[in-house]
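Coordinates from work.csv are shown below (CSV, C-alpha atoms).
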```csv
chain,number,residue,atom,x,y,z
A,1,MET,CA,0.0,0.0,0.0
A,2,SER,CA,1.3,3.4,-0.9
A,3,HIS,CA,1.5,6.2,1.7
A,4,THR,CA,1.2,9.9,1.3
A,5,VAL,CA,4.2,11.5,3.1
A,6,SER,CA,3.8,15.1,4.4
A,7,GLU,CA,6.7,17.0,6.0
A,8,SER,CA,6.6,19.6,8.8
A,9,ASN,CA,9.7,21.7,9.6
A,10,ILE,CA,10.4,23.7,12.8
A,11,LEU,CA,13.4,26.0,13.2
A,12,LEU,CA,15.2,25.5,16.6
A,13,CYS,CA,17.5,28.2,17.8
A,14,GLY,CA,19.5,28.9,20.9
A,15,SER,CA,23.0,28.4,22.5
A,16,SER,CA,24.4,25.0,23.3
A,17,ARG,CA,23.4,23.4,26.6
A,18,VAL,CA,20.1,25.2,27.1
A,19,GLY,CA,18.0,22.1,26.8
A,20,LYS,CA,16.8,22.3,23.2
A,21,SER,CA,16.8,18.6,22.6
A,22,THR,CA,15.2,17.9,26.0
A,23,LEU,CA,12.4,20.4,25.1
A,24,ILE,CA,11.6,18.9,21.7
A,25,ASN,CA,11.5,15.4,23.2
A,26,ALA,CA,9.1,16.7,25.9
A,27,ILE,CA,6.9,18.3,23.2
A,28,CYS,CA,6.8,15.4,20.8
A,29,GLN,CA,7.1,12.4,23.2
A,30,GLU,CA,9.0,10.7,20.4
A,31,ASN,CA,12.5,9.2,19.9
A,32,LEU,CA,14.1,11.7,17.5
A,33,SER,CA,16.9,10.7,15.2
A,34,LYS,CA,19.8,13.1,14.7
A,35,SER,CA,21.8,14.0,11.6
A,36,ASN,CA,24.2,16.7,10.5
A,37,GLN,CA,24.0,18.8,7.4
A,38,SER,CA,25.7,21.9,6.0
A,39,LEU,CA,24.0,25.2,5.1
A,40,ASN,CA,24.4,26.1,1.4
A,41,SER,CA,27.6,24.0,1.1
A,42,ASN,CA,29.4,26.4,3.4
A,43,THR,CA,31.0,26.0,6.8
A,44,LYS,CA,27.9,26.8,8.8
A,45,ALA,CA,26.3,23.5,10.0
A,46,ILE,CA,22.9,22.5,11.2
A,47,GLU,CA,21.7,19.6,13.2
A,48,GLU,CA,18.5,17.8,12.2
A,49,TYR,CA,16.2,16.0,14.6
A,50,SER,CA,13.4,14.1,13.0
A,51,PHE,CA,10.7,11.5,13.6
A,52,GLU,CA,7.7,10.0,11.6
A,53,SER,CA,4.1,9.3,12.6
A,54,SER,CA,1.5,7.3,10.7
A,55,PHE,CA,-2.1,8.5,10.2
A,56,ASN,CA,-4.2,5.9,8.4
A,57,ASP,CA,-2.7,6.0,4.8
A,58,SER,CA,-0.5,9.0,5.4
A,59,ILE,CA,2.9,9.5,7.1
A,60,GLN,CA,3.8,12.7,8.9
A,61,LYS,CA,7.5,13.5,9.1
A,62,THR,CA,8.6,16.3,11.5
A,63,ILE,CA,12.0,17.8,11.3
A,64,PHE,CA,13.6,20.2,13.9
A,65,TRP,CA,16.4,22.3,12.3
A,66,ASP,CA,18.9,23.3,15.0
A,67,THR,CA,21.7,25.8,14.4
A,68,PRO,CA,24.5,25.1,16.9
A,69,GLY,CA,26.9,28.0,17.5
A,70,ILE,CA,24.4,30.6,16.4
A,71,GLU,CA,25.3,32.7,19.4
A,72,SER,CA,28.6,33.6,17.7
A,73,TRP,CA,27.0,34.6,14.4
A,74,ASN,CA,26.9,38.2,13.4
A,75,GLU,CA,24.0,40.1,11.7
A,76,ASP,CA,25.3,39.2,8.2
A,77,ASP,CA,25.5,35.5,9.1
A,78,ILE,CA,21.9,35.6,10.4
A,79,HIS,CA,20.7,37.2,7.2
A,80,ASN,CA,22.8,35.0,4.8
A,81,TYR,CA,22.0,31.7,6.4
A,82,ILE,CA,18.7,31.9,8.4
A,83,SER,CA,16.8,33.7,5.6
A,84,PRO,CA,17.7,31.1,2.9
A,85,LEU,CA,17.0,28.3,5.3
A,86,ILE,CA,13.5,29.7,6.0
A,87,GLU,CA,12.9,29.9,2.2
A,88,GLN,CA,14.1,26.3,1.9
A,89,ILE,CA,12.1,24.6,4.6
A,90,HIS,CA,9.1,26.9,5.2
A,91,PRO,CA,9.0,26.2,9.0
A,92,ILE,CA,5.8,26.1,11.0
A,93,CYS,CA,7.4,28.2,13.6
A,94,MET,CA,10.7,29.2,15.2
A,95,ILE,CA,11.4,28.1,18.8
A,96,TYR,CA,14.2,29.9,20.6
A,97,CYS,CA,15.5,28.5,23.9
A,98,ALA,CA,17.4,30.3,26.7
A,99,SER,CA,18.2,28.9,30.1
A,100,PRO,CA,18.7,30.7,33.4
A,101,GLY,CA,21.9,28.6,34.0
A,102,SER,CA,23.7,29.7,30.9
A,103,PHE,CA,22.0,32.9,29.7
A,104,ALA,CA,23.8,35.8,28.0
A,105,LEU,CA,22.5,39.0,26.5
A,106,LEU,CA,23.0,38.2,22.8
A,107,ASN,CA,22.2,40.6,19.9
A,108,HIS,CA,21.5,37.7,17.5
A,109,LEU,CA,18.0,37.1,18.9
A,110,ALA,CA,16.7,40.4,17.6
A,111,TRP,CA,18.2,39.6,14.2
A,112,ILE,CA,16.5,36.1,14.1
A,113,ILE,CA,13.1,37.6,15.1
A,114,ASN,CA,13.4,40.2,12.4
A,115,GLU,CA,14.2,37.5,9.7
A,116,CYS,CA,11.3,35.4,10.9
A,117,HIS,CA,8.9,38.4,10.9
A,118,LYS,CA,9.8,39.2,7.3
A,119,LYS,CA,8.8,35.7,6.4
A,120,ASN,CA,5.6,35.6,8.6
A,121,ILE,CA,7.1,32.9,10.8
A,122,PHE,CA,5.7,32.7,14.4
A,123,CYS,CA,8.3,32.9,17.1
A,124,ALA,CA,8.1,31.1,20.5
A,125,LEU,CA,10.8,32.3,23.0
A,126,VAL,CA,11.2,29.8,25.8
A,127,CYS,CA,13.0,30.0,29.1
A,128,THR,CA,14.0,26.3,29.5
A,129,ASN,CA,15.2,24.6,32.6
A,130,MET,CA,13.4,27.3,34.6
A,131,TRP,CA,14.5,25.9,38.0
A,132,SER,CA,18.2,25.6,37.2
A,133,GLY,CA,19.0,29.1,38.1
A,134,ARG,CA,17.5,32.0,40.1
A,135,ASN,CA,17.5,34.5,37.2
A,136,ARG,CA,14.6,32.9,35.2
A,137,GLN,CA,12.6,36.1,35.5
A,138,ILE,CA,15.6,38.1,34.2
A,139,VAL,CA,15.6,35.8,31.2
A,140,VAL,CA,11.9,36.4,30.6
A,141,ASP,CA,12.3,40.2,31.1
A,142,GLU,CA,15.1,40.2,28.6
A,143,LEU,CA,13.1,38.3,26.0
A,144,CYS,CA,10.3,40.7,26.5
A,145,ARG,CA,12.6,43.6,26.0
A,146,VAL,CA,13.8,42.2,22.7
A,147,LEU,CA,10.3,41.6,21.4
A,148,ASN,CA,9.2,45.1,22.6
A,149,ASN,CA,12.0,46.6,20.6
A,150,VAL,CA,11.3,44.5,17.5
A,151,HIS,CA,7.5,44.9,17.7
A,152,PRO,CA,6.9,48.2,19.6
A,153,GLN,CA,3.4,48.5,18.1
A,154,ILE,CA,2.2,45.3,19.7
A,155,LYS,CA,0.8,45.3,23.3
A,156,SER,CA,1.5,42.1,25.0
A,157,THR,CA,-1.2,40.0,26.9
A,158,LYS,CA,-0.8,37.2,29.4
A,159,GLU,CA,-2.8,34.0,29.7
A,160,ASP,CA,-1.9,30.8,31.6
A,161,GLY,CA,1.6,32.0,32.3
A,162,ILE,CA,2.3,32.8,28.7
A,163,ILE,CA,3.0,36.3,27.3
A,164,TYR,CA,1.5,36.7,23.8
A,165,TYR,CA,2.4,39.3,21.2
A,166,ASP,CA,-0.7,38.9,19.1
A,167,ASN,CA,-0.2,36.0,16.7
A,168,VAL,CA,3.4,37.0,16.1
A,169,ALA,CA,5.3,35.6,19.1
A,170,LEU,CA,5.0,34.3,22.6
A,171,ILE,CA,7.3,34.1,25.7
A,172,THR,CA,7.0,31.4,28.4
A,173,MET,CA,9.0,29.3,31.0
A,174,VAL,CA,9.0,25.5,31.0
A,175,ASN,CA,10.5,22.7,32.9
A,176,SER,CA,11.0,20.0,30.3
A,177,ILE,CA,11.9,17.2,32.7
A,178,GLU,CA,11.6,16.7,36.4
A,179,TYR,CA,14.1,18.9,38.2
A,180,ILE,CA,15.9,17.5,41.3
A,181,ASP,CA,18.4,19.2,43.5
A,182,GLU,CA,19.2,16.8,46.3
A,183,ASP,CA,21.5,19.4,48.1
A,184,PHE,CA,18.7,21.8,48.6
A,185,ASN,CA,15.9,19.1,48.7
A,186,VAL,CA,14.2,20.6,45.7
A,187,ASN,CA,12.0,18.5,43.4
A,188,LYS,CA,10.0,20.2,40.6
A,189,PRO,CA,7.8,18.2,38.1
A,190,GLN,CA,7.7,18.8,34.4
A,191,SER,CA,5.6,22.0,33.8
A,192,GLY,CA,4.6,24.4,31.1
A,193,ILE,CA,5.0,22.0,28.1
A,194,ASP,CA,1.2,21.5,27.5
A,195,GLU,CA,0.6,25.2,27.7
A,196,LEU,CA,3.4,26.0,25.3
A,197,ILE,CA,2.1,23.5,22.7
A,198,PHE,CA,-1.4,25.0,22.9
A,199,GLY,CA,-0.1,28.5,22.8
A,200,ILE,CA,1.9,27.9,19.7
A,201,GLY,CA,-1.0,26.0,18.0
A,202,LYS,CA,-3.7,28.6,18.6
A,203,CYS,CA,-1.5,31.4,17.1
A,204,LEU,CA,-0.7,29.6,13.9
A,205,GLN,CA,-2.6,29.8,10.6
A,206,ARG,CA,-4.9,26.9,9.9
A,207,ASP,CA,-2.6,24.6,7.9
A,208,PHE,CA,0.4,25.3,10.1
A,209,MET,CA,-1.8,24.7,13.2
A,210,PHE,CA,-2.9,21.2,12.0
A,211,ALA,CA,0.7,20.3,11.1
A,212,TRP,CA,1.8,21.4,14.6
A,213,LEU,CA,-1.0,19.3,16.2
A,214,ARG,CA,0.1,16.3,14.1
A,215,THR,CA,3.6,16.8,15.4
A,216,VAL,CA,2.3,16.4,19.0
A,217,SER,CA,-0.2,13.8,18.3
A,218,HIS,CA,1.5,11.2,20.6
A,219,ASN,CA,1.8,13.6,23.5
A,220,LYS,CA,-1.0,12.1,25.7
A,221,SER,CA,-0.5,14.7,28.4
A,222,PHE,CA,-1.2,17.5,26.1
A,223,TRP,CA,-4.4,16.0,24.6
A,224,LYS,CA,-5.6,15.1,28.1
A,225,ASN,CA,-4.8,18.3,30.0
A,226,MET,CA,-5.7,20.7,27.3
A,227,SER,CA,-9.0,19.0,26.4
A,228,SER,CA,-11.3,21.8,27.4
A,229,LYS,CA,-9.1,24.5,25.7
A,230,LEU,CA,-9.1,22.5,22.5
A,231,ASN,CA,-12.8,22.0,22.7
A,232,VAL,CA,-13.3,25.8,22.9
A,233,LEU,CA,-10.7,26.6,20.3
A,234,PHE,CA,-12.3,24.4,17.6
A,235,GLN,CA,-15.9,24.9,18.9
A,236,ILE,CA,-16.6,21.2,18.7
A,237,PRO,CA,-19.6,19.9,20.7
A,238,CYS,CA,-18.5,18.2,23.9
A,239,GLU,CA,-19.8,14.8,22.9
A,240,LYS,CA,-17.8,14.8,19.6
A,241,PHE,CA,-14.6,16.0,21.3
A,242,ASN,CA,-15.0,13.3,24.0
A,243,ASN,CA,-14.9,10.7,21.3
A,244,PHE,CA,-11.8,12.2,19.7
A,245,TYR,CA,-9.4,13.5,22.3
A,246,GLN,CA,-7.9,10.0,23.1
A,247,HIS,CA,-7.4,9.4,19.4
A,248,ALA,CA,-5.4,12.4,18.2
A,249,GLY,CA,-4.9,11.1,14.6
A,250,ASN,CA,-8.6,10.6,14.1
A,251,PHE,CA,-9.4,14.0,15.7
A,252,LEU,CA,-7.0,15.7,13.3
A,253,ASP,CA,-8.5,13.9,10.3
A,254,PHE,CA,-11.9,15.1,11.4
A,255,LEU,CA,-10.6,18.7,11.5
A,256,PHE,CA,-9.4,18.2,7.9
A,257,GLY,CA,-12.9,17.7,6.8
A,258,PHE,CA,-14.1,14.1,7.1
A,259,ASN,CA,-17.8,13.7,6.0
A,260,ASN,CA,-20.5,12.5,8.4
A,261,ASP,CA,-20.1,8.8,7.4
A,262,ASP,CA,-16.4,8.9,8.2
A,263,TYR,CA,-17.1,10.7,11.5
A,264,ARG,CA,-19.8,8.2,12.5
A,265,SER,CA,-17.5,5.2,11.8
A,266,ILE,CA,-14.7,6.7,13.9
A,267,THR,CA,-16.9,7.6,16.8
A,268,ASP,CA,-18.7,4.3,16.8
A,269,THR,CA,-15.3,2.6,17.2
A,270,ASN,CA,-13.8,5.0,19.7
A,271,THR,CA,-16.7,5.2,22.1
A,272,LYS,CA,-16.4,1.5,22.9
A,273,ASP,CA,-13.0,2.1,24.6
A,274,THR,CA,-13.6,5.6,26.0
A,275,ASP,CA,-14.2,5.6,29.7
A,276,GLU,CA,-12.9,9.0,30.9
A,277,SER,CA,-14.4,12.4,31.3
A,278,ILE,CA,-13.7,15.1,28.7
A,279,PHE,CA,-12.5,17.9,30.9
A,280,PHE,CA,-9.4,17.0,32.9
A,281,ASP,CA,-8.5,20.6,33.8
A,282,ALA,CA,-11.4,21.3,36.0
A,283,GLU,CA,-12.5,19.7,39.3
A,284,MET,CA,-15.1,20.3,42.0
A,285,ILE,CA,-13.2,21.2,45.2
A,286,GLU,CA,-15.9,21.9,47.8
A,287,MET,CA,-19.5,21.7,48.7
A,288,SER,CA,-20.5,24.1,51.6
A,289,GLU,CA,-23.6,25.6,53.2
A,290,ASP,CA,-24.4,28.9,54.9
A,291,SER,CA,-27.5,30.1,56.7
A,292,HIS,CA,-29.3,31.1,53.5
A,293,LYS,CA,-28.0,29.2,50.5
A,294,SER,CA,-25.9,26.2,49.6
A,295,LYS,CA,-23.1,26.4,47.2
A,296,LEU,CA,-20.6,24.4,45.1
A,297,LYS,CA,-17.0,25.5,44.5
A,298,PHE,CA,-15.0,24.4,41.4
A,299,ILE,CA,-11.3,25.0,40.5
A,300,VAL,CA,-10.8,25.6,36.8
A,301,LYS,CA,-7.6,25.9,34.9
A,302,SER,CA,-8.6,28.3,32.1
A,303,ILE,CA,-10.8,31.3,31.6
A,304,ASP,CA,-12.6,29.8,28.6
A,305,LEU,CA,-13.6,26.7,30.6
A,306,GLY,CA,-14.7,29.0,33.5
A,307,VAL,CA,-17.1,30.8,31.3
A,308,GLN,CA,-18.4,27.5,29.9
A,309,LEU,CA,-18.8,26.0,33.3
A,310,SER,CA,-20.6,29.1,34.7
A,311,GLU,CA,-23.2,28.9,31.9
A,312,ILE,CA,-23.8,25.2,32.5
A,313,LEU,CA,-24.3,25.7,36.2
A,314,ALA,CA,-26.8,28.5,35.5
A,315,GLN,CA,-28.7,26.1,33.2
A,316,LEU,CA,-28.6,23.5,36.0
A,317,GLY,CA,-30.4,25.9,38.4
A,318,SER,CA,-27.8,27.9,40.1
A,319,ASN,CA,-29.2,31.4,40.9
A,320,ALA,CA,-25.8,33.0,41.5
A,321,VAL,CA,-22.4,32.1,39.9
A,322,LYS,CA,-19.3,33.9,41.0
A,323,SER,CA,-15.7,33.6,39.6
A,324,GLU,CA,-12.3,34.8,40.9
A,325,THR,CA,-8.8,34.3,39.7
A,326,THR,CA,-6.1,33.0,42.1
A,327,ASN,CA,-2.4,33.8,42.2
A,328,GLU,CA,-1.8,30.5,40.4
A,329,GLN,CA,-3.8,31.7,37.4
A,330,GLU,CA,-6.6,29.3,38.3
A,331,ILE,CA,-10.3,30.3,38.3
A,332,ILE,CA,-12.5,29.6,41.4
A,333,ILE,CA,-16.2,29.2,40.4
A,334,THR,CA,-18.7,29.4,43.2
A,335,ALA,CA,-22.3,28.4,42.4
A,336,LYS,CA,-25.1,29.1,44.9
A,337,PHE,CA,-28.4,27.0,44.9
A,338,ASN,CA,-31.6,27.7,46.8
A,339,ASP,CA,-32.6,24.1,46.3
A,340,ASP,CA,-30.6,21.7,48.4
A,341,GLU,CA,-31.8,18.7,46.5
A,342,ARG,CA,-30.7,20.2,43.2
A,343,LEU,CA,-27.3,21.1,44.7
A,344,LYS,CA,-26.7,17.6,45.9
A,345,ALA,CA,-27.8,16.2,42.5
A,346,VAL,CA,-25.3,18.4,40.7
A,347,CYS,CA,-22.6,17.5,43.3
A,348,ASN,CA,-23.2,13.8,42.9
A,349,LEU,CA,-23.2,14.0,39.1
A,350,CYS,CA,-19.8,15.8,39.1
A,351,GLN,CA,-18.3,13.2,41.5
A,352,ILE,CA,-19.5,10.3,39.3
A,353,ILE,CA,-18.1,11.9,36.2
A,354,ASN,CA,-14.8,12.6,37.9
A,355,ASP,CA,-14.5,8.9,38.6
A,356,GLY,CA,-14.0,8.5,34.8
A,357,GLN,CA,-16.5,5.6,34.5
A,358,VAL,CA,-19.4,7.5,32.8
A,359,ILE,CA,-19.8,8.7,29.2
A,360,CYS,CA,-22.7,11.1,28.6
A,361,THR,CA,-24.0,11.9,25.1
A,362,ILE,CA,-27.2,13.5,23.7
A,363,VAL,CA,-29.3,10.9,21.8
A,364,ASP,CA,-32.6,11.1,20.0
```

I need this file expressed as structure tokens, please.
Amino acid sequence: MSHTVSESNILLCGSSRVGKSTLINAICQENLSKSNQSLNSNTKAIEEYSFESSFNDSIQKTIFWDTPGIESWNEDDIHNYISPLIEQIHPICMIYCASPGSFALLNHLAWIINECHKKNIFCALVCTNMWSGRNRQIVVDELCRVLNNVHPQIKSTKEDGIIYYDNVALITMVNSIEYIDEDFNVNKPQSGIDELIFGIGKCLQRDFMFAWLRTVSHNKSFWKNMSSKLNVLFQIPCEKFNNFYQHAGNFLDFLFGFNNDDYRSITDTNTKDTDESIFFDAEMIEMSEDSHKSKLKFIVKSIDLGVQLSEILAQLGSNAVKSETTNEQEIIITAKFNDDERLKAVCNLCQIINDGQVICTIVD
């Protein structure tokens, strides 16, 4: 059987020993093979990390193009080598890595961002190994300074710990792997990867977005933890998304435009093995009572989900829904009920769904 092969390219920049390969392994959850090539038959070299994934009758190949030693390049080098490379590979995006443990103020970053902007390439500036040094905020501040100088007309916004510059660039911090410092008894889990993947994806144009999502199709943590955000982003009814989120390849094929028969055959197959709740980034944390009304409290990991949950609670009979943001960028939703029986019913329903053993769909 013949297979259609599609290729996605991602430009990877940053100094040596800043955790670039660790980051892309965390993003893709794949074993990437490494090879070396030269740029335009000259002395400048690049390293190529790649892997392949199968989707029905198609094969998706993803290549990360790394430029070791780029910190020593001058402005002419950036223009003469990065610009032709972008023309050659048409990258989905550029990911630039900087680490608190080995960070230097380098002029080459502004030059790279300028070259990417000329070619409409989205830039993700990532502070990697965020717990390896105390100056992680200095790294973020410096990255912001560079972007503010390159794009003075763009006002940045912040969501889920990520700083966005419209659909042009973002800045964030990640911990690609578990960080352990036995001397100081410090243990920090992997963090920020799922949010980075989603942040890049939602800023890309349609075709690039789908190519990016195919790149991370085997990252189960992303599809699980970002389920509600993806549901809102694509405006897919909950029952459909619930059938797809565990099967990223089928979900992406659906986005490309499967017809109803194709969709029905996929969902009929997938629902047999699906036994988990759709939203993994929200949970009910408390049921309390006061002298006048009873209320439920929920902790929610995104503003979009908070809005959606508030609307649903109102439909279920809550006569007052209040939300507040915590210092951890989480949303606390408080829903008051005059009817104790209704409150207990909603509470019991949430607890049953959270157990992961119930699938609910609308049927005729």

Determine the nearest neighbour of Val300 in chain A from the options A:Asp207, A:Asp166, A:Asp77, A:Asp160, counting all atoms listed in the file.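 The shortest atom-to-atom distance to Val300 in chain A comes from A:Asp160.
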
Counting all atoms listed in the file, which of A:Lys188, A:Arg214, A:Lys224, A:His151 gets nearest to Ser8 in chain A?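 When distances to Ser8 in chain A are compared using all atoms listed in the file, the smallest one comes from A:Arg214.
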
So which one's closest to Ser318 in chain A, A:Leu305, A:Ala335, A:Leu170, A:Cys123? Using all atoms listed in the file, please.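 Once distances to Ser318 in chain A are computed over all atoms listed in the file, the minimum belongs to A:Ala335.
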
When you get a chance, write out all heavy atoms for range 201-211 of chain A, as a PDB file, keeping the file's coordinate frame.
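Saved result, out14.pdb, follows:
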```pdb
ATOM      1  N   GLY A 201       0.056  26.475  18.968  1.00  0.00           N
ATOM      2  CA  GLY A 201      -1.000  26.000  18.000  1.00  0.00           C
ATOM      3  C   GLY A 201      -2.042  27.052  17.767  1.00  0.00           C
ATOM      4  O   GLY A 201      -2.426  27.273  16.617  1.00  0.00           O
ATOM      5  N   LYS A 202      -2.545  27.702  18.817  1.00  0.00           N
ATOM      6  CA  LYS A 202      -3.700  28.600  18.600  1.00  0.00           C
ATOM      7  C   LYS A 202      -3.241  29.897  17.885  1.00  0.00           C
ATOM      8  O   LYS A 202      -4.103  30.617  17.372  1.00  0.00           O
ATOM      9  CB  LYS A 202      -4.308  28.984  19.954  1.00  0.00           C
ATOM     10  CG  LYS A 202      -3.574  30.010  20.798  1.00  0.00           C
ATOM     11  CD  LYS A 202      -4.447  30.446  21.961  1.00  0.00           C
ATOM     12  CE  LYS A 202      -3.832  31.605  22.728  1.00  0.00           C
ATOM     13  NZ  LYS A 202      -4.734  32.120  23.779  1.00  0.00           N
ATOM     14  N   CYS A 203      -1.943  30.179  17.814  1.00  0.00           N
ATOM     15  CA  CYS A 203      -1.500  31.400  17.100  1.00  0.00           C
ATOM     16  C   CYS A 203      -1.133  31.147  15.658  1.00  0.00           C
ATOM     17  O   CYS A 203      -0.907  32.107  14.915  1.00  0.00           O
ATOM     18  CB  CYS A 203      -0.224  31.936  17.835  1.00  0.00           C
ATOM     19  SG  CYS A 203      -0.534  32.601  19.477  1.00  0.00           S
ATOM     20  N   LEU A 204      -1.093  29.886  15.230  1.00  0.00           N
ATOM     21  CA  LEU A 204      -0.700  29.600  13.900  1.00  0.00           C
ATOM     22  C   LEU A 204      -1.864  29.634  12.909  1.00  0.00           C
ATOM     23  O   LEU A 204      -3.019  29.438  13.296  1.00  0.00           O
ATOM     24  CB  LEU A 204      -0.050  28.182  13.810  1.00  0.00           C
ATOM     25  CG  LEU A 204       1.223  27.984  14.624  1.00  0.00           C
ATOM     26  CD1 LEU A 204       1.679  26.527  14.531  1.00  0.00           C
ATOM     27  CD2 LEU A 204       2.337  28.915  14.146  1.00  0.00           C
ATOM     28  N   GLN A 205      -1.554  29.872  11.650  1.00  0.00           N
ATOM     29  CA  GLN A 205      -2.600  29.800  10.600  1.00  0.00           C
ATOM     30  C   GLN A 205      -3.048  28.356  10.479  1.00  0.00           C
ATOM     31  O   GLN A 205      -2.375  27.419  10.898  1.00  0.00           O
ATOM     32  CB  GLN A 205      -2.016  30.307   9.278  1.00  0.00           C
ATOM     33  CG  GLN A 205      -1.609  31.768   9.305  1.00  0.00           C
ATOM     34  CD  GLN A 205      -1.005  32.221   7.992  1.00  0.00           C
ATOM     35  OE1 GLN A 205      -0.795  31.423   7.078  1.00  0.00           O
ATOM     36  NE2 GLN A 205      -0.715  33.508   7.891  1.00  0.00           N
ATOM     37  N   ARG A 206      -4.223  28.168   9.884  1.00  0.00           N
ATOM     38  CA  ARG A 206      -4.900  26.900   9.900  1.00  0.00           C
ATOM     39  C   ARG A 206      -4.023  25.697   9.518  1.00  0.00           C
ATOM     40  O   ARG A 206      -3.894  24.738  10.275  1.00  0.00           O
ATOM     41  CB  ARG A 206      -6.126  26.940   8.972  1.00  0.00           C
ATOM     42  CG  ARG A 206      -6.936  25.642   8.907  1.00  0.00           C
ATOM     43  CD  ARG A 206      -8.058  25.767   7.901  1.00  0.00           C
ATOM     44  NE  ARG A 206      -8.868  24.562   7.852  1.00  0.00           N
ATOM     45  CZ  ARG A 206      -8.569  23.490   7.113  1.00  0.00           C
ATOM     46  NH1 ARG A 206      -7.474  23.466   6.394  1.00  0.00           N
ATOM     47  NH2 ARG A 206      -9.377  22.436   7.120  1.00  0.00           N
ATOM     48  N   ASP A 207      -3.405  25.745   8.344  1.00  0.00           N
ATOM     49  CA  ASP A 207      -2.600  24.600   7.900  1.00  0.00           C
ATOM     50  C   ASP A 207      -1.423  24.343   8.792  1.00  0.00           C
ATOM     51  O   ASP A 207      -1.081  23.187   9.087  1.00  0.00           O
ATOM     52  CB  ASP A 207      -2.153  24.817   6.438  1.00  0.00           C
ATOM     53  CG  ASP A 207      -3.300  24.757   5.458  1.00  0.00           C
ATOM     54  OD1 ASP A 207      -4.385  24.255   5.825  1.00  0.00           O
ATOM     55  OD2 ASP A 207      -3.138  25.218   4.307  1.00  0.00           O
ATOM     56  N   PHE A 208      -0.780  25.419   9.229  1.00  0.00           N
ATOM     57  CA  PHE A 208       0.400  25.300  10.100  1.00  0.00           C
ATOM     58  C   PHE A 208      -0.113  24.726  11.493  1.00  0.00           C
ATOM     59  O   PHE A 208       0.588  23.947  12.129  1.00  0.00           O
ATOM     60  CB  PHE A 208       1.070  26.600  10.324  1.00  0.00           C
ATOM     61  CG  PHE A 208       2.050  26.923   9.217  1.00  0.00           C
ATOM     62  CD1 PHE A 208       2.196  26.087   8.133  1.00  0.00           C
ATOM     63  CD2 PHE A 208       2.827  28.076   9.266  1.00  0.00           C
ATOM     64  CE1 PHE A 208       3.090  26.367   7.106  1.00  0.00           C
ATOM     65  CE2 PHE A 208       3.729  28.370   8.259  1.00  0.00           C
ATOM     66  CZ  PHE A 208       3.859  27.514   7.176  1.00  0.00           C
ATOM     67  N   MET A 209      -1.297  25.157  11.939  1.00  0.00           N
ATOM     68  CA  MET A 209      -1.800  24.700  13.200  1.00  0.00           C
ATOM     69  C   MET A 209      -2.038  23.153  13.146  1.00  0.00           C
ATOM     70  O   MET A 209      -1.642  22.416  14.063  1.00  0.00           O
ATOM     71  CB  MET A 209      -3.163  25.328  13.532  1.00  0.00           C
ATOM     72  CG  MET A 209      -3.799  24.825  14.824  1.00  0.00           C
ATOM     73  SD  MET A 209      -5.537  25.279  14.988  1.00  0.00           S
ATOM     74  CE  MET A 209      -5.398  27.053  15.172  1.00  0.00           C
ATOM     75  N   PHE A 210      -2.642  22.667  12.067  1.00  0.00           N
ATOM     76  CA  PHE A 210      -2.900  21.200  12.000  1.00  0.00           C
ATOM     77  C   PHE A 210      -1.568  20.460  11.870  1.00  0.00           C
ATOM     78  O   PHE A 210      -1.431  19.380  12.440  1.00  0.00           O
ATOM     79  CB  PHE A 210      -3.745  20.935  10.733  1.00  0.00           C
ATOM     80  CG  PHE A 210      -5.159  21.437  10.881  1.00  0.00           C
ATOM     81  CD1 PHE A 210      -5.973  21.611   9.777  1.00  0.00           C
ATOM     82  CD2 PHE A 210      -5.677  21.737  12.121  1.00  0.00           C
ATOM     83  CE1 PHE A 210      -7.275  22.072   9.903  1.00  0.00           C
ATOM     84  CE2 PHE A 210      -6.980  22.196  12.269  1.00  0.00           C
ATOM     85  CZ  PHE A 210      -7.776  22.361  11.154  1.00  0.00           C
ATOM     86  N   ALA A 211      -0.593  21.002  11.141  1.00  0.00           N
ATOM     87  CA  ALA A 211       0.700  20.300  11.100  1.00  0.00           C
ATOM     88  C   ALA A 211       1.374  20.289  12.440  1.00  0.00           C
ATOM     89  O   ALA A 211       1.980  19.282  12.819  1.00  0.00           O
ATOM     90  CB  ALA A 211       1.614  21.097  10.078  1.00  0.00           C
TER      91      ALA A 211
END
```
